[in-house]
>>> print(open('data-v7.cif').read())   # mmCIF, C-alpha atoms and all ligand atoms
data_query
loop_
_atom_site.label_atom_id
_atom_site.label_comp_id
_atom_site.auth_asym_id
_atom_site.auth_seq_id
_atom_site.Cartn_x
_atom_site.Cartn_y
_atom_site.Cartn_z
CA MET A 1 28.37 -39.08 45.70
CA HIS A 2 27.64 -42.49 47.24
CA LEU A 3 26.22 -44.30 44.24
CA ILE A 4 25.41 -47.99 44.48
CA GLU A 5 28.38 -49.91 43.07
CA GLY A 6 26.18 -52.62 41.50
CA ILE A 7 24.36 -49.93 39.53
CA LYS A 8 27.39 -47.85 38.61
CA ILE A 9 29.04 -50.84 36.89
CA HIS A 10 25.98 -51.03 34.57
CA HIS A 11 26.12 -47.36 33.58
CA ASP A 12 26.92 -48.24 29.96
CA SER A 13 23.95 -50.55 29.59
CA LEU A 14 21.67 -47.93 31.19
CA ILE A 15 22.86 -45.43 28.58
CA GLU A 16 22.23 -47.98 25.84
CA TRP A 17 18.65 -48.60 27.09
CA ARG A 18 17.98 -44.87 27.37
CA HIS A 19 19.23 -44.15 23.86
CA ASP A 20 17.11 -46.95 22.45
CA ILE A 21 13.97 -45.55 24.09
CA HIS A 22 14.95 -42.03 23.05
CA ALA A 23 15.25 -43.11 19.41
CA HIS A 24 11.75 -44.66 19.47
CA PRO A 25 9.45 -42.11 21.13
CA GLU A 26 5.73 -42.84 21.35
CA LEU A 27 2.86 -40.55 22.29
CA GLY A 28 0.55 -41.06 25.27
CA PHE A 29 -1.46 -44.32 25.28
CA ALA A 30 0.49 -45.44 22.20
CA GLU A 31 3.60 -46.57 24.10
CA HIS A 32 3.38 -50.08 22.61
CA ARG A 33 7.04 -50.65 21.84
CA THR A 34 8.17 -48.97 25.06
CA ALA A 35 5.71 -50.95 27.20
CA ALA A 36 6.75 -54.20 25.52
CA LEU A 37 10.41 -53.40 26.11
CA VAL A 38 9.73 -52.57 29.77
CA ALA A 39 7.66 -55.73 30.27
CA GLU A 40 10.33 -57.89 28.63
CA ARG A 41 13.12 -56.47 30.80
CA LEU A 42 11.09 -56.77 34.01
CA ALA A 43 10.28 -60.40 33.22
CA ALA A 44 13.93 -61.13 32.43
CA PHE A 45 14.95 -59.69 35.82
CA GLY A 46 12.48 -62.03 37.52
CA CYS A 47 9.58 -59.68 38.25
CA GLU A 48 5.95 -60.69 37.90
CA VAL A 49 4.68 -58.53 35.03
CA HIS A 50 1.20 -57.07 34.50
CA ARG A 51 0.36 -55.20 31.31
CA GLY A 52 -2.54 -53.15 30.04
CA ILE A 53 -3.21 -51.23 33.26
CA GLY A 54 -4.52 -47.83 32.18
CA LYS A 55 -4.29 -48.98 28.53
CA THR A 56 -0.52 -49.18 27.95
CA GLY A 57 0.66 -49.06 31.59
CA VAL A 58 2.93 -51.77 32.99
CA VAL A 59 3.45 -52.92 36.59
CA GLY A 60 6.31 -55.13 37.73
CA ARG A 61 5.93 -56.86 41.08
CA LEU A 62 8.94 -58.03 43.07
CA LYS A 63 8.71 -59.78 46.41
CA ALA A 64 11.37 -60.64 48.96
CA GLY A 65 10.90 -62.13 52.41
CA HIS A 66 7.49 -62.47 54.05
CA SER A 67 6.46 -58.96 55.03
CA ALA A 68 3.24 -57.55 53.57
CA ARG A 69 4.74 -54.06 53.54
CA SER A 70 4.78 -52.51 50.09
CA ILE A 71 6.13 -49.59 48.12
CA GLY A 72 5.35 -48.17 44.67
CA LEU A 73 7.95 -46.55 42.42
CA ARG A 74 6.64 -44.75 39.38
CA ALA A 75 8.13 -43.66 36.06
CA ASP A 76 6.45 -42.22 32.95
CA MET A 77 6.97 -43.59 29.42
CA ASP A 78 5.38 -41.17 26.93
CA ALA A 79 6.95 -38.68 24.53
CA LEU A 80 5.76 -35.38 23.05
CA PRO A 81 4.53 -34.26 19.61
CA ILE A 82 7.73 -32.29 18.93
CA GLN A 83 10.13 -32.51 15.98
CA GLU A 84 13.55 -33.19 17.48
CA SER A 85 16.30 -30.78 16.45
CA ASN A 86 19.22 -32.77 17.94
CA GLY A 87 21.67 -34.38 15.51
CA PHE A 88 23.16 -37.14 17.66
CA PRO A 89 22.95 -40.76 16.44
CA TYR A 90 20.14 -41.77 18.82
CA ARG A 91 17.84 -38.86 17.86
CA SER A 92 14.17 -39.67 17.29
CA LYS A 93 13.44 -42.03 14.41
CA ASN A 94 9.73 -41.15 14.66
CA ASP A 95 8.85 -38.00 12.75
CA GLY A 96 7.21 -35.33 14.89
CA ARG A 97 7.67 -37.26 18.12
CA MET A 98 10.34 -36.74 20.71
CA HIS A 99 11.38 -37.59 24.25
CA ALA A 100 11.63 -33.91 25.15
CA CYS A 101 10.69 -34.29 28.80
CA GLY A 102 13.18 -36.99 29.81
CA HIS A 103 10.66 -39.79 30.33
CA ASP A 104 13.14 -42.02 28.46
CA GLY A 105 15.54 -41.36 31.35
CA HIS A 106 12.89 -41.88 34.05
CA THR A 107 11.90 -45.24 32.56
CA THR A 108 15.56 -46.29 32.31
CA MET A 109 16.34 -45.31 35.92
CA LEU A 110 13.42 -47.36 37.22
CA LEU A 111 14.42 -50.34 35.06
CA GLY A 112 17.96 -50.03 36.42
CA ALA A 113 16.61 -50.09 39.98
CA ALA A 114 14.42 -53.12 39.17
CA ARG A 115 17.37 -55.07 37.79
CA TYR A 116 19.49 -54.38 40.88
CA LEU A 117 16.70 -55.09 43.37
CA ALA A 118 15.77 -58.34 41.62
CA GLU A 119 19.41 -59.46 41.79
CA THR A 120 20.09 -58.45 45.38
CA ARG A 121 16.66 -58.67 47.08
CA ASN A 122 18.03 -56.93 50.10
CA PHE A 123 14.58 -56.01 51.44
CA ASP A 124 11.56 -57.58 53.08
CA GLY A 125 8.23 -56.84 51.39
CA ILE A 126 6.77 -56.08 47.98
CA VAL A 127 7.93 -53.53 45.40
CA HIS A 128 5.68 -52.37 42.59
CA PHE A 129 7.47 -50.82 39.61
CA ILE A 130 4.81 -48.63 38.01
CA PHE A 131 5.41 -47.56 34.40
CA GLN A 132 2.64 -45.17 33.49
CA PRO A 133 1.52 -44.04 30.05
CA ALA A 134 0.37 -40.63 28.88
CA GLU A 135 1.75 -38.24 31.49
CA GLU A 136 1.71 -35.31 29.06
CA GLY A 137 -1.85 -34.05 29.50
CA LEU A 138 -3.73 -37.21 28.56
CA GLY A 139 -4.35 -38.57 32.05
CA GLY A 140 -2.33 -41.79 32.10
CA GLY A 141 -1.90 -41.64 35.88
CA GLU A 142 -5.63 -41.24 36.36
CA ALA A 143 -6.29 -44.07 33.91
CA MET A 144 -4.08 -46.44 35.94
CA VAL A 145 -5.71 -45.44 39.25
CA LYS A 146 -9.20 -45.89 37.74
CA ASP A 147 -8.10 -49.26 36.41
CA GLY A 148 -7.57 -50.40 39.99
CA LEU A 149 -3.81 -49.87 40.22
CA PHE A 150 -3.70 -49.62 44.01
CA ASP A 151 -6.41 -52.24 44.60
CA ARG A 152 -4.50 -54.80 42.58
CA PHE A 153 -1.07 -53.62 43.69
CA PRO A 154 -1.36 -52.17 47.19
CA CYS A 155 1.34 -49.62 48.04
CA ASP A 156 1.92 -48.22 51.54
CA ALA A 157 3.64 -45.30 49.85
CA VAL A 158 4.42 -44.27 46.29
CA PHE A 159 7.32 -42.22 44.93
CA GLY A 160 8.05 -40.45 41.66
CA MET A 161 10.98 -38.50 40.26
CA HIS A 162 11.42 -35.97 37.46
CA ASN A 163 14.58 -34.49 36.00
CA ARG A 164 14.98 -30.76 36.25
CA PRO A 165 17.17 -28.79 33.84
CA GLY A 166 18.87 -25.88 35.54
CA LEU A 167 19.41 -27.86 38.73
CA ALA A 168 23.00 -29.11 38.92
CA VAL A 169 23.87 -32.80 38.55
CA GLY A 170 24.04 -34.35 42.01
CA LYS A 171 21.33 -32.13 43.48
CA PHE A 172 17.71 -32.81 44.41
CA SER A 173 14.83 -30.48 45.14
CA ILE A 174 11.51 -31.10 46.87
CA ARG A 175 9.01 -29.45 49.20
CA PRO A 176 6.32 -30.85 51.51
CA GLY A 177 2.67 -30.09 50.77
CA ALA A 178 1.59 -28.58 47.46
CA MET A 179 4.53 -28.51 45.05
CA MET A 180 3.05 -28.34 41.54
CA ALA A 181 -0.11 -26.57 40.42
CA GLY A 182 -3.39 -28.19 39.56
CA GLY A 183 -4.55 -27.30 36.09
CA ALA A 184 -7.91 -26.75 34.41
CA TYR A 185 -8.86 -26.03 30.81
CA PHE A 186 -11.94 -24.01 29.93
CA ASP A 187 -14.16 -23.29 26.95
CA LEU A 188 -16.37 -20.23 27.22
CA VAL A 189 -18.96 -19.75 24.49
CA ILE A 190 -20.48 -16.29 24.08
CA THR A 191 -23.71 -16.26 22.11
CA GLY A 192 -24.98 -12.97 20.69
CA ARG A 193 -26.95 -12.31 17.53
CA GLY A 194 -25.35 -12.29 14.11
CA ALA A 195 -25.78 -9.23 11.92
CA HIS A 196 -24.37 -7.26 8.99
CA GLY A 197 -21.05 -5.67 9.94
CA ALA A 198 -22.41 -2.26 8.92
CA ARG A 199 -25.65 -2.60 10.86
CA PRO A 200 -24.62 -3.46 14.45
CA GLU A 201 -27.91 -2.10 15.87
CA SER A 202 -29.69 -5.19 14.60
CA GLY A 203 -27.32 -7.66 16.30
CA ILE A 204 -25.57 -8.42 19.56
CA ASP A 205 -21.82 -8.50 18.98
CA PRO A 206 -20.21 -11.52 20.74
CA VAL A 207 -16.71 -10.28 19.81
CA LEU A 208 -17.22 -7.13 21.86
CA VAL A 209 -18.68 -9.19 24.71
CA ALA A 210 -15.72 -11.62 24.62
CA SER A 211 -13.37 -8.63 24.87
CA HIS A 212 -15.14 -7.35 27.99
CA VAL A 213 -15.28 -10.82 29.51
CA THR A 214 -11.53 -11.31 28.91
CA THR A 215 -10.78 -8.08 30.76
CA ALA A 216 -13.23 -8.78 33.58
CA LEU A 217 -11.84 -12.31 34.15
CA GLN A 218 -8.50 -10.76 35.05
CA SER A 219 -10.08 -9.39 38.25
CA ILE A 220 -10.50 -12.93 39.65
CA VAL A 221 -6.85 -13.56 40.51
CA SER A 222 -6.32 -9.97 41.68
CA ARG A 223 -9.60 -9.48 43.61
CA ASN A 224 -11.19 -12.86 44.47
CA VAL A 225 -8.20 -15.14 45.14
CA LYS A 226 -6.33 -14.53 48.40
CA PRO A 227 -3.03 -12.83 47.57
CA ILE A 228 -1.10 -15.60 49.35
CA ASP A 229 -2.86 -18.31 47.29
CA THR A 230 -0.94 -18.30 44.01
CA ALA A 231 -3.06 -18.74 40.89
CA VAL A 232 -3.10 -17.86 37.22
CA LEU A 233 -5.93 -17.48 34.71
CA SER A 234 -4.93 -17.18 31.06
CA VAL A 235 -7.32 -16.65 28.17
CA THR A 236 -5.20 -18.18 25.42
CA GLN A 237 -7.64 -18.25 22.49
CA ILE A 238 -10.47 -16.07 21.19
CA HIS A 239 -12.23 -17.23 18.05
CA GLY A 240 -15.09 -15.41 16.37
CA GLY A 241 -16.22 -14.56 12.89
CA ASP A 242 -15.13 -15.50 9.37
CA ALA A 243 -15.83 -12.37 7.30
CA TYR A 244 -14.96 -8.66 7.27
CA ASN A 245 -18.59 -7.62 7.04
CA VAL A 246 -20.34 -10.08 9.34
CA ILE A 247 -20.92 -9.76 13.07
CA PRO A 248 -20.86 -13.42 14.10
CA GLN A 249 -23.45 -15.19 16.17
CA GLN A 250 -20.91 -16.70 18.56
CA ALA A 251 -17.41 -16.22 19.91
CA VAL A 252 -15.45 -18.93 21.70
CA MET A 253 -12.85 -18.25 24.36
CA ARG A 254 -10.46 -20.86 25.68
CA GLY A 255 -7.69 -20.96 28.20
CA THR A 256 -6.18 -22.46 31.32
CA VAL A 257 -6.30 -21.95 35.08
CA ARG A 258 -3.58 -23.09 37.52
CA ALA A 259 -3.64 -23.10 41.33
CA PHE A 260 -2.17 -25.04 44.25
CA SER A 261 -5.40 -26.22 45.91
CA SER A 262 -8.68 -27.69 44.70
CA GLU A 263 -10.49 -25.02 46.74
CA THR A 264 -8.80 -22.23 44.78
CA LEU A 265 -9.62 -23.93 41.47
CA SER A 266 -13.29 -24.18 42.51
CA LEU A 267 -13.35 -20.57 43.66
CA ILE A 268 -11.97 -19.44 40.30
CA GLU A 269 -14.51 -21.53 38.41
CA ALA A 270 -17.44 -20.05 40.39
CA ASN A 271 -16.22 -16.52 39.80
CA MET A 272 -15.66 -17.17 36.09
CA ARG A 273 -19.23 -18.39 35.79
CA ARG A 274 -20.67 -15.33 37.54
CA ILE A 275 -18.54 -12.80 35.69
CA ALA A 276 -18.96 -14.35 32.23
CA SER A 277 -22.74 -14.67 32.45
CA GLY A 278 -23.10 -11.30 34.21
CA VAL A 279 -21.00 -9.40 31.68
CA ALA A 280 -22.66 -11.20 28.76
CA ALA A 281 -26.13 -10.44 30.16
CA ALA A 282 -25.24 -6.76 30.45
CA PHE A 283 -24.83 -6.72 26.66
CA GLY A 284 -27.87 -8.89 25.99
CA ALA A 285 -25.72 -11.94 25.18
CA SER A 286 -25.31 -15.23 27.05
CA ALA A 287 -22.28 -17.23 28.16
CA THR A 288 -21.78 -20.92 28.83
CA LEU A 289 -18.68 -22.17 30.59
CA ASP A 290 -17.16 -25.64 30.38
CA PHE A 291 -14.49 -25.88 33.09
CA ARG A 292 -12.49 -29.13 33.31
CA ILE A 293 -9.86 -29.94 35.91
CA VAL A 294 -7.17 -31.81 33.98
CA PHE A 295 -4.73 -32.36 36.86
CA PRO A 296 -5.27 -31.95 40.59
CA PRO A 297 -2.49 -30.09 42.41
CA LEU A 298 0.50 -32.30 43.24
CA VAL A 299 0.68 -32.56 47.04
CA ASN A 300 3.62 -34.24 48.77
CA ASP A 301 2.98 -36.05 52.04
CA ALA A 302 5.10 -34.36 54.73
CA ALA A 303 6.48 -37.57 56.27
CA GLU A 304 7.25 -39.21 52.91
CA THR A 305 8.91 -35.98 51.74
CA GLU A 306 11.23 -36.21 54.76
CA PHE A 307 11.82 -39.86 53.97
CA ILE A 308 12.82 -39.40 50.32
CA ALA A 309 14.84 -36.26 51.14
CA ASP A 310 16.75 -38.17 53.86
CA THR A 311 17.31 -41.04 51.41
CA ALA A 312 18.63 -38.64 48.76
CA ALA A 313 20.85 -36.93 51.35
CA ARG A 314 22.59 -40.25 52.06
CA LEU A 315 23.54 -40.42 48.37
CA VAL A 316 24.58 -36.84 47.66
CA GLY A 317 24.95 -35.16 51.07
CA ALA A 318 22.39 -33.08 52.95
CA GLU A 319 23.73 -29.85 51.42
CA ASN A 320 22.67 -31.06 47.97
CA VAL A 321 19.04 -31.71 48.85
CA ASN A 322 16.85 -28.63 48.85
CA ARG A 323 13.85 -29.41 51.09
CA ALA A 324 12.21 -26.06 50.46
CA GLY A 325 12.12 -26.08 46.67
CA ASN A 326 10.07 -23.56 44.72
CA LEU A 327 6.41 -23.98 43.85
CA VAL A 328 6.10 -25.07 40.21
CA MET A 329 3.28 -23.54 38.16
CA ALA A 330 3.30 -26.47 35.70
CA SER A 331 1.17 -29.54 36.42
CA GLU A 332 2.07 -33.21 36.80
CA ASP A 333 -0.04 -36.28 36.33
CA PHE A 334 1.54 -38.18 39.28
CA SER A 335 -0.83 -36.01 41.38
CA PHE A 336 -3.60 -38.57 40.68
CA MET A 337 -1.54 -41.23 42.47
CA LEU A 338 -0.57 -38.92 45.35
CA ASN A 339 -4.28 -38.08 45.76
CA VAL A 340 -5.00 -41.66 46.83
CA ARG A 341 -1.71 -42.80 48.40
CA PRO A 342 0.81 -41.05 50.63
CA GLY A 343 4.03 -40.40 48.84
CA ALA A 344 6.30 -37.79 47.36
CA TYR A 345 7.69 -36.51 44.09
CA ILE A 346 11.26 -35.28 43.88
CA GLN A 347 13.20 -33.34 41.27
CA ILE A 348 16.63 -34.63 40.25
CA GLY A 349 19.09 -32.15 38.73
CA ASN A 350 19.56 -32.67 34.99
CA GLY A 351 22.45 -30.19 34.93
CA ASP A 352 22.99 -26.48 34.54
CA GLY A 353 22.34 -24.94 31.21
CA GLU A 354 20.02 -22.68 29.30
CA GLY A 355 17.96 -22.55 26.13
CA GLY A 356 17.94 -25.87 24.37
CA CYS A 357 18.39 -27.66 27.67
CA GLU A 358 14.86 -26.87 28.96
CA VAL A 359 12.21 -29.63 28.84
CA HIS A 360 9.70 -29.52 25.95
CA ASN A 361 12.37 -27.80 23.82
CA PRO A 362 13.29 -29.50 20.49
CA GLY A 363 16.95 -29.45 21.55
CA TYR A 364 16.42 -31.02 24.98
CA ASP A 365 18.10 -34.27 26.03
CA PHE A 366 18.05 -36.23 29.28
CA ASN A 367 21.45 -36.22 30.98
CA ASP A 368 22.93 -39.76 30.92
CA ALA A 369 25.25 -38.83 33.80
CA ILE A 370 22.36 -38.96 36.29
CA LEU A 371 21.02 -42.42 35.32
CA PRO A 372 22.91 -44.29 38.11
CA LEU A 373 22.00 -41.61 40.66
CA GLY A 374 18.25 -41.81 40.00
CA ALA A 375 18.38 -45.61 39.95
CA SER A 376 20.35 -45.59 43.23
CA LEU A 377 17.72 -43.37 44.87
CA PHE A 378 14.91 -45.74 43.81
CA VAL A 379 16.85 -48.69 45.24
CA ARG A 380 17.62 -47.01 48.56
CA LEU A 381 13.96 -46.00 48.95
CA VAL A 382 13.05 -49.69 48.80
CA GLU A 383 15.88 -50.89 51.04
CA ARG A 384 15.02 -48.29 53.68
CA LYS A 385 11.22 -48.51 53.46
CA LEU A 386 11.21 -52.31 53.45
CA ALA A 387 14.29 -52.76 55.63
CA LYS A 388 14.98 -56.34 56.70
ZN ZN B 1 6.61 -32.80 30.07
ZN ZN B 2 7.77 -34.85 32.16
#
>>> encode(input="data-v7.cif", output="C-alpha cells", more="lines below")
Ligand SMILES: [Zn+2]
Ligand SMILES: [Zn+2]
Amino acid sequence: MHLIEGIKIHHDSLIEWRHDIHAHPELGFAEHRTAALVAERLAAFGCEVHRGIGKTGVVGRLKAGHSARSIGLRADMDALPIQESNGFPYRSKNDGRMHACGHDGHTTMLLGAARYLAETRNFDGIVHFIFQPAEEGLGGGEAMVKDGLFDRFPCDAVFGMHNRPGLAVGKFSIRPGAMMAGGAYFDLVITGRGAHGARPESGIDPVLVASHVTTALQSIVSRNVKPIDTAVLSVTQIHGGDAYNVIPQQAVMRGTVRAFSSETLSLIEANMRRIASGVAAAFGASATLDFRIVFPPLVNDAAETEFIADTAARLVGAENVNRAGNLVMASEDFSFMLNVRPGAYIQIGNGDGEGGCEVHNPGYDFNDAILPLGASLFVRLVERKLAK
C-alpha cells in the first residue's frame, strides 16, 4: 500500500478521534456535539467553517492557489438507534444509540484528509469538506442540497466513501452508473365496512381484501417490471382489527420498494395503484396509496468513477480495485448530491468477517486500520483533481 506518509504518522490521533466520536453517537439532525467537534477541528486546521447547512451539517472550505476549480468530499456524521453490544472502552456512552454504520470512521477519515491538505496545500483550487447529518433514512443529504449546498459551495465534482464489511482491508469496490437502489416507502389503506365477526354478510372485510392485495402486488415485480431491471416490493406490515369478534372498518398495509432507476420506481407505483384499487373494488372496498420516494437511486458518473478508481489504484494497486462491483439493494442518501453534481461513491474494505461485523449490527465496529487509507484517498482525489 502507498499510504501518504504525513497521514500515516498521525494514525494514533485518527484512532483517538474516531473512538471519541464512537463513544458519543448522535442520531440524525441531532449531531450537535459531533458537528461542533468537526467545526472546531476544521477551524483549527485553517479551513473556513460554515455550520447549520441542512440543520446540523458542516462545510469546511479550503483554498490554495488561484484556480476556480473545485471539489467536494463528503462524509456522514449520524449514528443509529441501536443498543451497542461491544464491551471495549470506547463503546457508546449514549443509551440506545450507536455508530453501527461506521460514520464515525468516515468523519474521521475526512478530518484526517482536511488536516493534511490544510498543512500541505499541494493543490490549486477550492476543496469543500462536506459533513452531512442524518444519512440513515432522515434525508440529511437532501436537506443540505435544498439548503443551497452547491450554490454556496460550488463543486465541479463530489465524492463519497463508505466502509464495507466483508471486503478485505486494502480493497475498494465501485461500479459506474446505478450502484445502489432507490427506495420508497408506502402506506396503503383499505377501507371496507365494519361488522360483527359472526355476521360478515353485513360488512366488507378489509382484512380479506388486504390479503388479496398483498398477493396481487407480488405480480408487479414478476410481470410488470422488465426481468433485467432489478426491483423488490415488500409488504412488511399489515394492521387491522382490535377484537376477536369485530370485522374492522379499515386495514393498513405498509412496506418498501427498491429499484435502480426512477422510471422503475414510477412504474411500480402506477401498477400498485391500479392493482390495489382494482382488487379492492372487486370486493366492494376502496384503497388509497401513499407512495413516497425516500432516496433516489445512487448513480455514479462514469468519468468520475474512472477517476476515483484510478486514484484508489495508485494507493493499493489496480488488482485491489474492483471496478465492476455488485449492485447494492440498500439505499444511500449521497444519491441526492450525485443527482445534482457529477461524482462517485466508492466502497472501502472494512475487513473480512461475518456476523457481528456487518453494519447495523449491535456488535459492529469500524476498522481503525483503514483510517489512513481512506484519508489518503480523499487527499489524492484533491491533489489529482486540482493538480497544480
Ligand atoms: Zn447505515
Ligand atoms: Zn452508512
>>> residues_near_ligand(input="data-v7.cif", ligand="ligand ZN 2 (chain B)", cutoff="9 Å", atoms="all atoms listed in the file", output="PyMOL selection string")
chain A and resi 76+78-79+100-103+106+135-136+162-163+332-333+359-360
>>> closest_residue(input="data-v7.cif", among="A:Leu62, A:Ile15, A:Ala312, A:Ala276", to="A:Leu377", atoms="all atoms listed in the file")
A:Ala312
>>> atom_distance(input="data-v7.cif", atom1="atom CA of A:Ser286", atom2="atom CA of A:Val189")
8.2 Å
>>> atom_distance(input="data-v7.cif", atom1="atom CA of A:Gly140", atom2="atom CA of A:Arg273")
29.1 Å
>>> residues_near_point(input="data-v7.cif", point="(11.4, -57.9, 30.1)", cutoff="12 Å", atoms="only C-alpha atoms", output="VMD selection string")
chain A and resid 33 to 51 58 to 60 111 114 to 115
>>> closest_residue(input="data-v7.cif", among="A:Lys146, A:Arg292, A:Arg384, A:Arg254", to="A:Phe336", atoms="only C-alpha atoms")
A:Lys146
>>> residues_around(input="data-v7.cif", residues="A:Arg18", least_positions_apart="4", cutoff="9 Å", atoms="all atoms listed in the file", output="ChimeraX atom specification")
/A:13-14,22-23,104-109,366,368,371
>>> residues_around(input="data-v7.cif", residues="A:Leu233", least_positions_apart="6", cutoff="7 Å", atoms="all atoms listed in the file", output="PyMOL selection string")
chain A and resi 256-258
>>> closest_residue(input="data-v7.cif", among="A:Val379, A:Ile348, A:Leu167, A:Val158", to="A:Ser335", atoms="only C-alpha atoms")
A:Val158
>>> closest_residue(input="data-v7.cif", among="A:Thr311, A:Asn271, A:Ser211, A:Ser261", to="A:Arg223", atoms="all atoms listed in the file")
A:Asn271
>>> residues_near_point(input="data-v7.cif", point="(-0.6, -25.8, 42.6)", cutoff="12 Å", atoms="only C-alpha atoms", output="number ranges by chain")
A: 177-184, 229-232, 257-265, 295-300, 326-332, 335
>>> closest_residue(input="data-v7.cif", among="A:Ile228, A:Glu383, A:Ala113, A:Phe186", to="A:Leu289", atoms="all atoms listed in the file")
A:Phe186
>>> decode(input="data-v7.cif", residues="stretch 162-169 of chain A", atoms="all heavy atoms", output="mmCIF file, in the first residue's frame")
data_model
loop_
_atom_site.group_PDB
_atom_site.id
_atom_site.type_symbol
_atom_site.label_atom_id
_atom_site.label_comp_id
_atom_site.auth_asym_id
_atom_site.auth_seq_id
_atom_site.Cartn_x
_atom_site.Cartn_y
_atom_site.Cartn_z
ATOM 1 N N HIS A 162 -17.862 4.778 1.600
ATOM 2 C CA HIS A 162 -18.473 4.028 2.706
ATOM 3 C C HIS A 162 -17.700 2.746 2.938
ATOM 4 O O HIS A 162 -17.284 2.094 1.985
ATOM 5 C CB HIS A 162 -19.935 3.696 2.408
ATOM 6 C CG HIS A 162 -20.762 3.462 3.648
ATOM 7 N ND1 HIS A 162 -20.566 2.377 4.485
ATOM 8 C CD2 HIS A 162 -21.763 4.180 4.195
ATOM 9 C CE1 HIS A 162 -21.433 2.451 5.491
ATOM 10 N NE2 HIS A 162 -22.166 3.533 5.349
ATOM 11 N N ASN A 163 -17.498 2.421 4.217
ATOM 12 C CA ASN A 163 -16.831 1.159 4.533
ATOM 13 C C ASN A 163 -17.737 -0.014 4.189
ATOM 14 O O ASN A 163 -18.961 0.098 4.230
ATOM 15 C CB ASN A 163 -16.466 1.124 6.018
ATOM 16 C CG ASN A 163 -17.663 0.844 6.902
ATOM 17 O OD1 ASN A 163 -17.917 -0.293 7.277
ATOM 18 N ND2 ASN A 163 -18.443 1.873 7.231
ATOM 19 N N ARG A 164 -17.101 -1.121 3.830
ATOM 20 C CA ARG A 164 -17.886 -2.310 3.542
ATOM 21 C C ARG A 164 -17.307 -3.547 4.231
ATOM 22 O O ARG A 164 -16.258 -4.053 3.859
ATOM 23 C CB ARG A 164 -17.968 -2.549 2.035
ATOM 24 C CG ARG A 164 -18.865 -3.722 1.739
ATOM 25 C CD ARG A 164 -19.157 -3.879 0.276
ATOM 26 N NE ARG A 164 -19.239 -5.285 -0.044
ATOM 27 C CZ ARG A 164 -18.873 -5.811 -1.196
ATOM 28 N NH1 ARG A 164 -18.413 -5.048 -2.151
ATOM 29 N NH2 ARG A 164 -18.975 -7.091 -1.395
ATOM 30 N N PRO A 165 -17.997 -4.034 5.269
ATOM 31 C CA PRO A 165 -17.580 -5.279 5.910
ATOM 32 C C PRO A 165 -17.660 -6.425 4.901
ATOM 33 O O PRO A 165 -18.524 -6.429 4.034
ATOM 34 C CB PRO A 165 -18.616 -5.481 7.019
ATOM 35 C CG PRO A 165 -19.195 -4.128 7.257
ATOM 36 C CD PRO A 165 -19.175 -3.440 5.924
ATOM 37 N N GLY A 166 -16.730 -7.346 5.004
ATOM 38 C CA GLY A 166 -16.717 -8.470 4.068
ATOM 39 C C GLY A 166 -15.768 -8.234 2.911
ATOM 40 O O GLY A 166 -15.361 -9.170 2.229
ATOM 41 N N LEU A 167 -15.420 -6.980 2.677
ATOM 42 C CA LEU A 167 -14.424 -6.634 1.661
ATOM 43 C C LEU A 167 -13.104 -6.420 2.415
ATOM 44 O O LEU A 167 -13.063 -5.676 3.394
ATOM 45 C CB LEU A 167 -14.854 -5.362 0.920
ATOM 46 C CG LEU A 167 -13.986 -4.877 -0.253
ATOM 47 C CD1 LEU A 167 -13.973 -5.883 -1.389
ATOM 48 C CD2 LEU A 167 -14.490 -3.515 -0.765
ATOM 49 N N ALA A 168 -12.050 -7.092 1.937
ATOM 50 C CA ALA A 168 -10.783 -7.111 2.691
ATOM 51 C C ALA A 168 -10.186 -5.719 2.832
ATOM 52 O O ALA A 168 -10.394 -4.849 1.986
ATOM 53 C CB ALA A 168 -9.793 -8.029 1.993
ATOM 54 N N VAL A 169 -9.443 -5.511 3.908
ATOM 55 C CA VAL A 169 -8.698 -4.269 4.114
ATOM 56 C C VAL A 169 -7.728 -4.095 2.937
ATOM 57 O O VAL A 169 -7.058 -5.040 2.532
ATOM 58 C CB VAL A 169 -7.923 -4.314 5.448
ATOM 59 C CG1 VAL A 169 -6.925 -3.165 5.542
ATOM 60 C CG2 VAL A 169 -8.894 -4.265 6.624
#
